[in-house]
>>> print(open('work.csv').read())   # CSV, C-alpha atoms
chain,number,residue,atom,x,y,z
A,7,MET,CA,0.0,0.0,0.0
A,8,THR,CA,2.7,2.3,1.0
A,9,ARG,CA,4.5,1.7,-2.3
A,10,ILE,CA,1.3,2.5,-4.2
A,11,LYS,CA,0.8,5.8,-2.3
A,12,LYS,CA,4.4,6.8,-3.1
A,13,THR,CA,4.0,6.2,-6.8
A,14,ALA,CA,0.8,8.3,-6.8
A,15,TRP,CA,2.7,11.1,-5.0
A,16,TYR,CA,5.5,11.2,-7.7
A,17,GLY,CA,3.0,10.6,-10.5
A,18,GLN,CA,1.0,13.8,-10.0
A,19,PRO,CA,3.7,16.3,-11.0
A,20,CYS,CA,4.7,14.1,-13.9
A,21,VAL,CA,1.2,14.3,-15.3
A,22,ILE,CA,1.2,18.1,-14.9
A,23,VAL,CA,4.5,18.4,-16.7
A,24,VAL,CA,3.2,16.2,-19.6
A,25,LEU,CA,0.0,18.3,-19.8
A,26,LEU,CA,2.0,21.6,-19.8
A,27,LEU,CA,4.2,20.2,-22.6
A,28,LEU,CA,1.2,19.3,-24.6
A,29,LEU,CA,-0.4,22.7,-24.1
A,30,SER,CA,2.7,24.8,-24.8
A,31,GLY,CA,4.6,22.8,-27.4
A,32,CYS,CA,4.5,22.7,-31.2
A,33,GLY,CA,2.1,25.6,-31.5
A,34,GLY,CA,-0.9,23.3,-32.3
A,35,GLU,CA,0.8,21.7,-35.3
A,36,PRO,CA,-0.5,18.4,-36.5
A,37,GLU,CA,1.1,15.5,-34.6
A,38,THR,CA,2.5,14.1,-37.9
A,39,GLU,CA,4.9,17.1,-38.2
A,40,SER,CA,8.4,16.9,-36.9
A,41,PRO,CA,9.6,19.6,-34.5
A,42,GLY,CA,10.9,22.7,-36.3
A,43,LEU,CA,8.9,22.1,-39.5
A,44,SER,CA,6.4,24.8,-40.6
A,45,GLY,CA,4.1,22.2,-42.1
A,46,GLU,CA,4.1,24.0,-45.5
A,47,ILE,CA,6.2,25.0,-48.5
A,48,THR,CA,7.7,28.4,-48.1
A,49,ILE,CA,9.4,30.4,-50.8
A,50,SER,CA,11.8,33.2,-50.0
A,51,GLU,CA,14.5,35.4,-51.6
A,52,ALA,CA,12.8,35.4,-55.0
A,53,TRP,CA,14.3,37.9,-57.5
A,54,ALA,CA,14.6,38.3,-61.2
A,55,ARG,CA,17.2,40.1,-63.4
A,56,PRO,CA,16.0,43.2,-65.2
A,57,ALA,CA,15.1,42.7,-68.9
A,58,ALA,CA,13.6,44.4,-71.8
A,59,LEU,CA,10.1,43.9,-73.3
A,60,GLY,CA,10.0,40.8,-75.5
A,61,ARG,CA,13.2,39.4,-74.1
A,62,VAL,CA,14.1,36.9,-71.5
A,63,THR,CA,15.0,36.8,-67.8
A,64,ALA,CA,15.8,34.4,-65.0
A,65,VAL,CA,14.1,34.1,-61.7
A,66,TYR,CA,16.0,32.8,-58.6
A,67,LEU,CA,14.5,31.7,-55.3
A,68,ARG,CA,14.8,29.5,-52.3
A,69,GLY,CA,12.1,27.0,-51.5
A,70,GLU,CA,11.7,25.0,-48.3
A,71,ASN,CA,9.4,22.0,-47.7
A,72,GLY,CA,8.4,22.3,-44.1
A,73,SER,CA,6.1,19.4,-44.2
A,74,THR,CA,6.7,15.7,-43.6
A,75,GLU,CA,5.4,14.8,-47.1
A,76,ALA,CA,7.4,15.0,-50.3
A,77,ASP,CA,6.3,17.3,-53.0
A,78,THR,CA,7.4,18.1,-56.6
A,79,LEU,CA,7.6,21.4,-58.4
A,80,ILE,CA,6.1,20.4,-61.8
A,81,SER,CA,5.8,23.7,-63.6
A,82,VAL,CA,5.9,27.5,-63.4
A,83,SER,CA,4.0,30.2,-65.1
A,84,SER,CA,3.7,34.0,-65.1
A,85,ASP,CA,1.4,36.5,-66.8
A,86,VAL,CA,4.5,38.6,-67.7
A,87,ALA,CA,5.9,36.0,-70.1
A,88,VAL,CA,4.7,34.0,-73.0
A,89,LEU,CA,6.8,31.0,-72.0
A,90,SER,CA,7.9,30.0,-68.5
A,91,GLU,CA,10.1,27.1,-67.9
A,92,MET,CA,12.5,25.6,-65.3
A,93,HIS,CA,16.0,25.4,-66.5
A,94,GLU,CA,19.4,24.3,-65.3
A,95,SER,CA,22.8,25.7,-66.4
A,96,TYR,CA,25.7,23.3,-66.4
A,97,GLU,CA,29.3,23.3,-67.4
A,98,GLN,CA,30.7,20.8,-69.9
A,99,GLU,CA,34.2,19.8,-70.8
A,100,GLY,CA,36.4,22.4,-72.5
A,101,GLY,CA,34.8,25.4,-70.7
A,102,MET,CA,31.5,25.0,-72.5
A,103,ALA,CA,28.4,26.1,-70.7
A,104,GLY,CA,24.9,24.9,-71.5
A,105,MET,CA,21.4,25.1,-70.3
A,106,ARG,CA,18.6,22.5,-70.4
A,107,GLU,CA,15.0,22.3,-69.4
A,108,VAL,CA,14.1,20.7,-66.2
A,109,THR,CA,10.6,19.2,-66.2
A,110,SER,CA,10.3,18.7,-62.4
A,111,VAL,CA,12.1,19.5,-59.2
A,112,PRO,CA,11.6,17.1,-56.3
A,113,LEU,CA,11.2,18.6,-52.9
A,114,PRO,CA,11.6,15.9,-50.2
A,115,PRO,CA,10.3,16.4,-46.7
A,116,ALA,CA,12.3,19.1,-44.8
A,117,ALA,CA,14.4,19.7,-47.9
A,118,THR,CA,15.4,23.0,-49.4
A,119,ILE,CA,15.9,23.8,-53.1
A,120,VAL,CA,18.0,26.8,-54.1
A,121,MET,CA,17.6,28.4,-57.5
A,122,GLU,CA,20.7,30.6,-58.0
A,123,PRO,CA,22.8,32.0,-60.8
A,124,GLY,CA,24.8,29.3,-62.7
A,125,GLY,CA,22.4,26.5,-61.6
A,126,LEU,CA,18.7,25.8,-61.4
A,127,HIS,CA,16.5,28.8,-62.3
A,128,VAL,CA,13.2,29.8,-63.8
A,129,MET,CA,13.3,31.2,-67.4
A,130,LEU,CA,10.7,33.7,-68.4
A,131,MET,CA,10.8,34.1,-72.1
A,132,GLN,CA,9.2,36.6,-74.5
A,133,LEU,CA,8.4,39.0,-71.8
A,134,ARG,CA,5.1,40.9,-72.2
A,135,GLN,CA,6.5,43.8,-70.2
A,136,ALA,CA,9.9,45.3,-69.4
A,137,LEU,CA,11.3,44.4,-66.0
A,138,ASN,CA,13.0,47.3,-64.3
A,139,PRO,CA,14.8,47.3,-61.0
A,140,GLY,CA,12.3,47.7,-58.2
A,141,ASP,CA,9.4,46.1,-60.1
A,142,GLU,CA,7.5,43.3,-58.5
A,143,ILE,CA,6.0,40.5,-60.6
A,144,VAL,CA,4.0,37.4,-59.7
A,145,LEU,CA,5.3,33.9,-60.4
A,146,THR,CA,3.0,30.9,-60.0
A,147,LEU,CA,4.6,27.7,-58.8
A,148,HIS,CA,2.7,24.5,-59.5
A,149,PHE,CA,3.3,21.7,-57.0
A,150,ALA,CA,2.1,18.1,-57.5
A,151,ARG,CA,0.7,17.8,-54.0
A,152,SER,CA,0.3,21.4,-52.7
A,153,GLY,CA,-1.2,22.8,-55.9
A,154,GLU,CA,-0.6,26.4,-57.1
A,155,MET,CA,1.3,29.0,-55.1
A,156,ASP,CA,1.6,32.6,-56.2
A,157,ILE,CA,4.8,34.3,-55.1
A,158,PRO,CA,6.1,37.9,-55.4
A,159,VAL,CA,9.4,38.3,-57.3
A,160,ILE,CA,11.4,41.5,-56.9
A,161,VAL,CA,13.3,42.7,-60.0
A,162,ARG,CA,16.8,43.7,-59.1
A,163,GLU,CA,20.4,43.6,-60.2
A,164,PRO,CA,22.4,40.7,-58.8
B,19,MET,CA,71.1,28.0,-61.6
B,20,VAL,CA,70.4,26.7,-58.1
B,21,ARG,CA,73.4,24.4,-58.4
B,22,GLN,CA,75.6,27.4,-59.4
B,23,GLN,CA,74.3,29.4,-56.4
B,24,VAL,CA,75.2,26.6,-54.0
B,25,LEU,CA,78.7,26.4,-55.5
B,26,PHE,CA,79.0,30.1,-55.2
B,27,MET,CA,77.9,30.1,-51.6
B,28,LYS,CA,80.4,27.3,-50.9
B,29,GLU,CA,83.1,29.4,-52.4
B,30,MET,CA,82.0,32.3,-50.2
B,31,ASN,CA,82.1,30.1,-47.1
B,32,ASP,CA,85.6,29.1,-48.1
B,33,GLU,CA,86.6,32.7,-48.4
B,34,LYS,CA,85.0,33.4,-45.0
B,35,CYS,CA,87.4,30.9,-43.5
B,36,ALA,CA,90.4,32.5,-45.2
B,37,THR,CA,92.8,35.1,-43.8
B,38,VAL,CA,91.9,38.6,-42.5
B,39,GLN,CA,93.3,40.0,-45.7
B,40,SER,CA,90.6,38.3,-47.7
B,41,VAL,CA,87.7,40.0,-45.7
B,42,GLN,CA,87.6,42.8,-48.2
B,43,GLN,CA,87.4,40.4,-51.0
B,44,TYR,CA,84.6,38.5,-49.2
B,45,ARG,CA,82.6,41.7,-48.7
B,46,SER,CA,83.0,42.5,-52.4
B,47,SER,CA,81.9,39.0,-53.4
B,48,ARG,CA,78.9,39.1,-51.1
B,49,MET,CA,77.8,42.4,-52.7
B,50,ASN,CA,78.2,40.9,-56.1
B,51,TRP,CA,76.2,37.9,-55.0
B,52,LEU,CA,73.4,40.0,-53.6
B,53,LEU,CA,73.4,42.2,-56.7
B,54,ARG,CA,73.3,39.2,-59.0
B,55,ASN,CA,70.4,37.5,-57.2
B,56,THR,CA,68.5,40.8,-57.0
B,57,VAL,CA,68.8,41.2,-60.8
B,58,LEU,CA,67.7,37.6,-61.3
B,59,ALA,CA,64.7,38.0,-59.0
B,60,LEU,CA,63.6,41.1,-60.8
B,61,ALA,CA,64.0,39.4,-64.2
B,62,LEU,CA,61.9,36.5,-63.0
B,63,LEU,CA,59.2,38.9,-61.8
B,64,LEU,CA,59.2,40.6,-65.1
B,65,VAL,CA,58.8,37.3,-67.0
B,66,THR,CA,56.2,35.7,-64.8
B,67,GLY,CA,54.4,38.4,-62.8
B,68,CYS,CA,52.2,41.4,-63.6
B,69,GLY,CA,50.2,39.5,-66.2
B,70,GLY,CA,52.9,40.4,-68.7
B,71,GLU,CA,52.8,37.1,-70.6
B,72,VAL,CA,51.2,37.3,-74.0
B,73,ARG,CA,49.1,34.3,-74.9
B,74,ASP,CA,47.9,35.4,-78.3
B,75,ASP,CA,48.1,38.4,-80.6
B,76,TYR,CA,44.9,39.4,-82.4
B,77,ASN,CA,46.6,41.9,-84.7
B,78,ASP,CA,46.7,39.4,-87.5
B,79,SER,CA,42.9,39.9,-87.8
B,80,SER,CA,40.5,42.8,-88.2
B,81,PHE,CA,36.8,42.2,-87.6
B,82,GLU,CA,34.2,44.7,-88.7
B,83,LEU,CA,31.6,44.9,-86.0
B,84,VAL,CA,28.8,47.3,-84.9
B,85,ASP,CA,28.0,48.4,-81.4
B,86,GLN,CA,24.7,48.8,-79.6
B,87,ASN,CA,24.4,52.4,-81.0
B,88,GLY,CA,24.9,51.3,-84.6
B,89,GLU,CA,28.5,52.6,-84.8
B,90,ALA,CA,31.0,50.6,-86.8
B,91,VAL,CA,33.8,49.1,-84.7
B,92,HIS,CA,37.0,47.3,-85.8
B,93,PHE,CA,38.5,44.7,-83.5
B,94,PRO,CA,41.2,44.9,-82.4
B,95,GLY,CA,42.4,48.0,-84.2
B,96,ASP,CA,39.9,50.5,-82.8
B,97,PHE,CA,40.7,49.4,-79.2
B,98,HIS,CA,44.5,49.9,-79.4
B,99,GLY,CA,45.6,52.0,-76.5
B,100,ASP,CA,42.8,50.6,-74.2
B,101,LEU,CA,42.8,47.7,-71.9
B,102,LEU,CA,40.0,45.4,-72.9
B,103,MET,CA,38.0,43.1,-70.7
B,104,MET,CA,35.9,41.1,-73.2
B,105,GLY,CA,33.1,38.7,-72.6
B,106,PHE,CA,31.0,36.6,-75.0
B,107,VAL,CA,27.2,36.3,-74.5
B,108,TYR,CA,23.9,36.0,-76.2
B,109,THR,CA,20.9,37.9,-74.8
B,110,ASN,CA,18.5,35.0,-74.8
B,111,CYS,CA,20.7,33.4,-72.1
B,112,PRO,CA,19.7,35.2,-68.8
B,113,ASP,CA,21.6,32.9,-66.5
B,114,ILE,CA,25.2,32.2,-67.4
B,115,CYS,CA,25.4,35.1,-69.9
B,116,GLY,CA,23.7,37.4,-67.4
B,117,PHE,CA,26.3,36.3,-64.9
B,118,ILE,CA,29.2,37.1,-67.3
B,119,THR,CA,27.7,40.5,-68.1
B,120,ALA,CA,27.1,41.3,-64.4
B,121,ASN,CA,30.7,40.2,-63.7
B,122,LEU,CA,32.1,42.8,-66.1
B,123,LYS,CA,30.0,45.5,-64.5
B,124,LYS,CA,31.2,44.5,-61.0
B,125,VAL,CA,34.8,44.7,-62.1
B,126,TYR,CA,34.2,48.2,-63.4
B,127,GLN,CA,32.5,49.2,-60.2
B,128,GLU,CA,35.2,47.7,-58.1
B,129,ALA,CA,38.1,49.0,-60.2
B,130,GLN,CA,36.9,52.7,-60.2
B,131,SER,CA,39.6,52.9,-62.9
B,132,GLY,CA,40.7,55.5,-65.3
B,133,SER,CA,39.3,56.0,-68.8
B,134,ASP,CA,41.6,53.5,-70.6
B,135,VAL,CA,39.7,50.3,-69.7
B,136,THR,CA,36.8,49.3,-72.0
B,137,TYR,CA,34.4,46.5,-71.1
B,138,VAL,CA,33.2,44.7,-74.2
B,139,LEU,CA,30.5,42.1,-74.6
B,140,VAL,CA,30.3,40.4,-78.0
B,141,THR,CA,27.3,38.4,-79.0
B,142,PHE,CA,27.7,35.0,-80.7
B,143,ASP,CA,24.1,35.1,-81.7
B,144,PRO,CA,24.0,37.9,-84.3
B,145,GLU,CA,20.8,36.8,-86.0
B,146,ARG,CA,18.8,37.7,-82.9
B,147,ASP,CA,21.2,40.1,-81.2
B,148,THR,CA,20.9,43.2,-83.4
B,149,PRO,CA,22.2,46.5,-82.2
B,150,GLU,CA,18.8,47.4,-80.9
B,151,VAL,CA,18.5,44.2,-78.9
B,152,LEU,CA,21.9,44.8,-77.5
B,153,ARG,CA,21.0,48.3,-76.5
B,154,GLU,CA,18.0,47.1,-74.6
B,155,TYR,CA,20.1,44.4,-73.0
B,156,ALA,CA,22.7,47.0,-72.0
B,157,GLU,CA,20.0,49.3,-70.6
B,158,ALA,CA,18.5,46.5,-68.6
B,159,PHE,CA,21.9,45.9,-67.0
B,160,GLY,CA,22.5,49.6,-66.5
B,161,MET,CA,25.5,49.3,-68.9
B,162,ASP,CA,24.3,51.5,-71.8
B,163,ALA,CA,27.1,54.0,-71.6
B,164,SER,CA,30.9,54.2,-71.8
B,165,PRO,CA,33.1,52.3,-70.8
B,166,PHE,CA,30.8,49.5,-71.8
B,167,ARG,CA,30.3,48.4,-75.5
B,168,PHE,CA,28.1,45.6,-76.8
B,169,LEU,CA,29.1,44.3,-80.2
B,170,THR,CA,27.5,42.3,-83.0
B,171,GLY,CA,28.1,42.0,-86.7
B,172,GLU,CA,27.3,40.0,-89.8
B,173,PRO,CA,26.9,36.4,-89.0
B,174,GLU,CA,29.9,35.3,-91.0
B,175,VAL,CA,32.1,37.9,-89.4
B,176,ILE,CA,31.0,36.9,-85.9
B,177,GLU,CA,31.6,33.3,-86.8
B,178,GLU,CA,35.2,34.1,-87.9
B,179,MET,CA,35.8,36.2,-84.8
B,180,MET,CA,34.5,33.5,-82.5
B,181,GLU,CA,36.8,31.0,-84.2
B,182,ARG,CA,39.7,33.4,-83.8
B,183,VAL,CA,39.1,33.9,-80.1
B,184,GLY,CA,38.2,30.3,-79.4
B,185,VAL,CA,34.6,30.7,-78.5
B,186,ARG,CA,32.5,27.7,-79.6
B,187,THR,CA,28.7,27.5,-79.9
B,188,GLN,CA,26.1,24.8,-80.7
B,189,ILE,CA,22.3,24.9,-80.7
B,190,SER,CA,21.2,22.7,-77.8
B,191,TYR,CA,17.5,23.2,-77.3
B,192,THR,CA,14.5,24.6,-79.2
B,193,SER,CA,10.9,25.3,-78.0
B,194,GLU,CA,7.9,27.0,-79.4
B,195,GLY,CA,5.8,29.7,-77.7
B,196,ASP,CA,2.0,30.0,-77.8
B,197,ASP,CA,2.5,32.6,-80.5
B,198,GLY,CA,4.4,30.2,-82.7
B,199,ARG,CA,7.7,31.8,-82.2
B,200,VAL,CA,10.6,29.3,-82.0
B,201,ASN,CA,13.1,29.9,-79.3
B,202,TYR,CA,16.5,28.2,-79.2
B,203,LEU,CA,19.3,27.9,-76.7
B,204,LEU,CA,23.0,27.5,-77.3
B,205,ASN,CA,25.7,25.7,-75.6
B,206,HIS,CA,28.7,28.0,-75.6
B,207,SER,CA,32.1,28.7,-74.3
B,208,ASP,CA,32.0,30.5,-70.9
B,209,LYS,CA,34.8,33.0,-71.4
B,210,ILE,CA,36.2,36.4,-70.5
B,211,LEU,CA,39.4,37.7,-72.1
B,212,LEU,CA,41.8,40.3,-70.8
B,213,ILE,CA,43.5,42.0,-73.7
B,214,ASN,CA,46.3,44.5,-73.4
B,215,ARG,CA,46.7,47.9,-75.1
B,216,SER,CA,48.3,46.4,-78.1
B,217,GLY,CA,45.5,43.9,-79.0
B,218,GLN,CA,47.2,41.0,-77.4
B,219,LEU,CA,45.6,38.4,-75.1
B,220,VAL,CA,47.0,38.4,-71.6
B,221,MET,CA,44.7,36.2,-69.7
B,222,GLU,CA,41.6,34.0,-70.3
B,223,TYR,CA,39.0,33.2,-67.7
B,224,GLY,CA,35.9,31.1,-67.1
B,225,GLY,CA,33.4,34.0,-67.6
B,226,SER,CA,30.8,33.1,-65.1
B,227,MET,CA,32.8,31.2,-62.5
B,228,THR,CA,35.8,33.5,-62.0
B,229,PRO,CA,35.6,35.6,-58.8
B,230,VAL,CA,35.5,39.3,-59.6
B,231,ASP,CA,38.5,39.8,-57.3
B,232,ILE,CA,40.7,37.8,-59.6
B,233,LEU,CA,39.6,39.7,-62.7
B,234,LEU,CA,40.1,42.9,-60.9
B,235,GLU,CA,43.6,42.0,-59.6
B,236,ASP,CA,44.9,41.0,-63.1
B,237,LEU,CA,43.4,44.1,-64.6
B,238,GLN,CA,45.0,46.4,-62.1
B,239,LYS,CA,48.4,44.8,-62.8
B,240,LEU,CA,48.2,46.2,-66.3
B,241,MET,CA,47.1,49.7,-65.1
B,242,PRO,CA,49.8,52.4,-64.7
>>> encode(input="work.csv", output="structure tokens")
Amino acid sequence: MTRIKKTAWYGQPCVIVVLLLLLSGCGGEPETESPGLSGEITISEAWARPAALGRVTAVYLRGENGSTEADTLISVSSDVAVLSEMHESYEQEGGMAGMREVTSVPLPPAATIVMEPGGLHVMLMQLRQALNPGDEIVLTLHFARSGEMDIPVIVREP
Amino acid sequence: MVRQQVLFMKEMNDEKCATVQSVQQYRSSRMNWLLRNTVLALALLLVTGCGGEVRDDYNDSSFELVDQNGEAVHFPGDFHGDLLMMGFVYTNCPDICGFITANLKKVYQEAQSGSDVTYVLVTFDPERDTPEVLREYAEAFGMDASPFRFLTGEPEVIEEMMERVGVRTQISYTSEGDDGRVNYLLNHSDKILLINRSGQLVMEYGGSMTPVDILLEDLQKLMP
């Protein structure tokens, strides 16, 4: 009996601590999320090079998958361009540089993709408007799981 | 040469061990040794340092080009007397070529140099990159004024020039827009050249991958 009473005496604060942890932790995120994940895809640092009307520009950005489910960026679009594609620059032997279309960009759980000069980027071709430093345009990212996401892109010099 | 120096030093050590009368001779020999090695070091610096080595001489050619304002330009003749930093781009390439273009602008901004450096970008896609297109491209990069010049020309002239400066291109990709226009991409050499005031190649770089600091350092070695 004594042993049982002792256990109950230590058990009470433990239950309170667990309850406090449940109330204060994780900000109400679904239980399936790992600690530190936002639970969604977030895009930041999106910028585009200035370009003239009818010409071509590149968009660079950083994307983070804050959920525990994999997603895939399957296409991009923008009202400011006739053609919007994902491309990747690469170096070949003999100092040759090339660029190829990328049809999808996988975004595993908790992963980050970085589109930056000399690598992966969005190509906006046959621009319907000139892009001047300070302008802001909208780029739509199409994800296989998360659907469409409109993001603001600042036009600036590198 | 190293072997000779070792022998010479050995001789000096022998002298050092000689009589008091030979101290004067030793001092004289030591001075000669220092003088000789200083001259050798300076000669080595002149040969290897300061970007002085000439890798190619473009004066066996003359290419009739046109700049973004429609003015006729002859390379290399019209640039004699100027240091040239020359990149090769096409305006439908916003990534690598944008990188090369921006690199030249950064070198200019960092150099804060005098008036004898010209930053030139030559297109290897003259069919699409007309002077007007180059002017718009230059304006978009904020490079539509001296000391920047964007050059194009007749396709056969550009082809000859690219061959002369070792820039290769190859169509790699085509796509068609909703309006039926066909767009194509090129694989191309990624290159920036540093050319001295006499139209001679001094240094060649990976155009998009070379840190601006290195371009700047080599350029400044050629400045007065």
>>> residues_around(input="work.csv", residues="Tyr191 (chain B)", least_positions_apart="5", cutoff="9 Å", atoms="only C-alpha atoms", output="number ranges by chain")
A: 105-107; B: 201-205
>>> residues_around(input="work.csv", residues="Gly125 (chain A)", least_positions_apart="5", cutoff="10 Å", atoms="only C-alpha atoms", output="tab-separated table (two decimals) with C-alpha atoms, keeping the file's coordinate frame")
chain	number	residue	atom	x	y	z
A	66	TYR	CA	16.00	32.80	-58.60
A	93	HIS	CA	16.00	25.40	-66.50
A	94	GLU	CA	19.40	24.30	-65.30
A	95	SER	CA	22.80	25.70	-66.40
A	96	TYR	CA	25.70	23.30	-66.40
A	97	GLU	CA	29.30	23.30	-67.40
A	105	MET	CA	21.40	25.10	-70.30
A	120	VAL	CA	18.00	26.80	-54.10
B	113	ASP	CA	21.60	32.90	-66.50
B	114	ILE	CA	25.20	32.20	-67.40
>>> atom_distance(input="work.csv", atom1="CA of Thr74 (chain A)", atom2="CA of Gly45 (chain A)")
7.2 Å
>>> residues_around(input="work.csv", residues="Ala54 (chain A)", least_positions_apart="6", cutoff="7 Å", atoms="only C-alpha atoms", output="list of chain:residue names")
A:Thr63, A:Ala64, A:Val65, A:Tyr66, A:Val159, A:Ile160, A:Val161, A:Arg162
>>> closest_residue(input="work.csv", among="B:Val72, B:Ala90, B:Met103, B:Val185", to="chain A", atoms="only C-alpha atoms")
B:Val185
>>> closest_residue(input="work.csv", among="A:Gly100, A:Gly69, A:Gly124, A:Pro139", to="Pro112 (chain A)", atoms="all atoms listed in the file")
A:Gly69
>>> closest_residue(input="work.csv", among="A:Glu154, A:Glu99, A:Asp77, A:Glu70", to="chain B", atoms="all atoms listed in the file")
A:Glu99
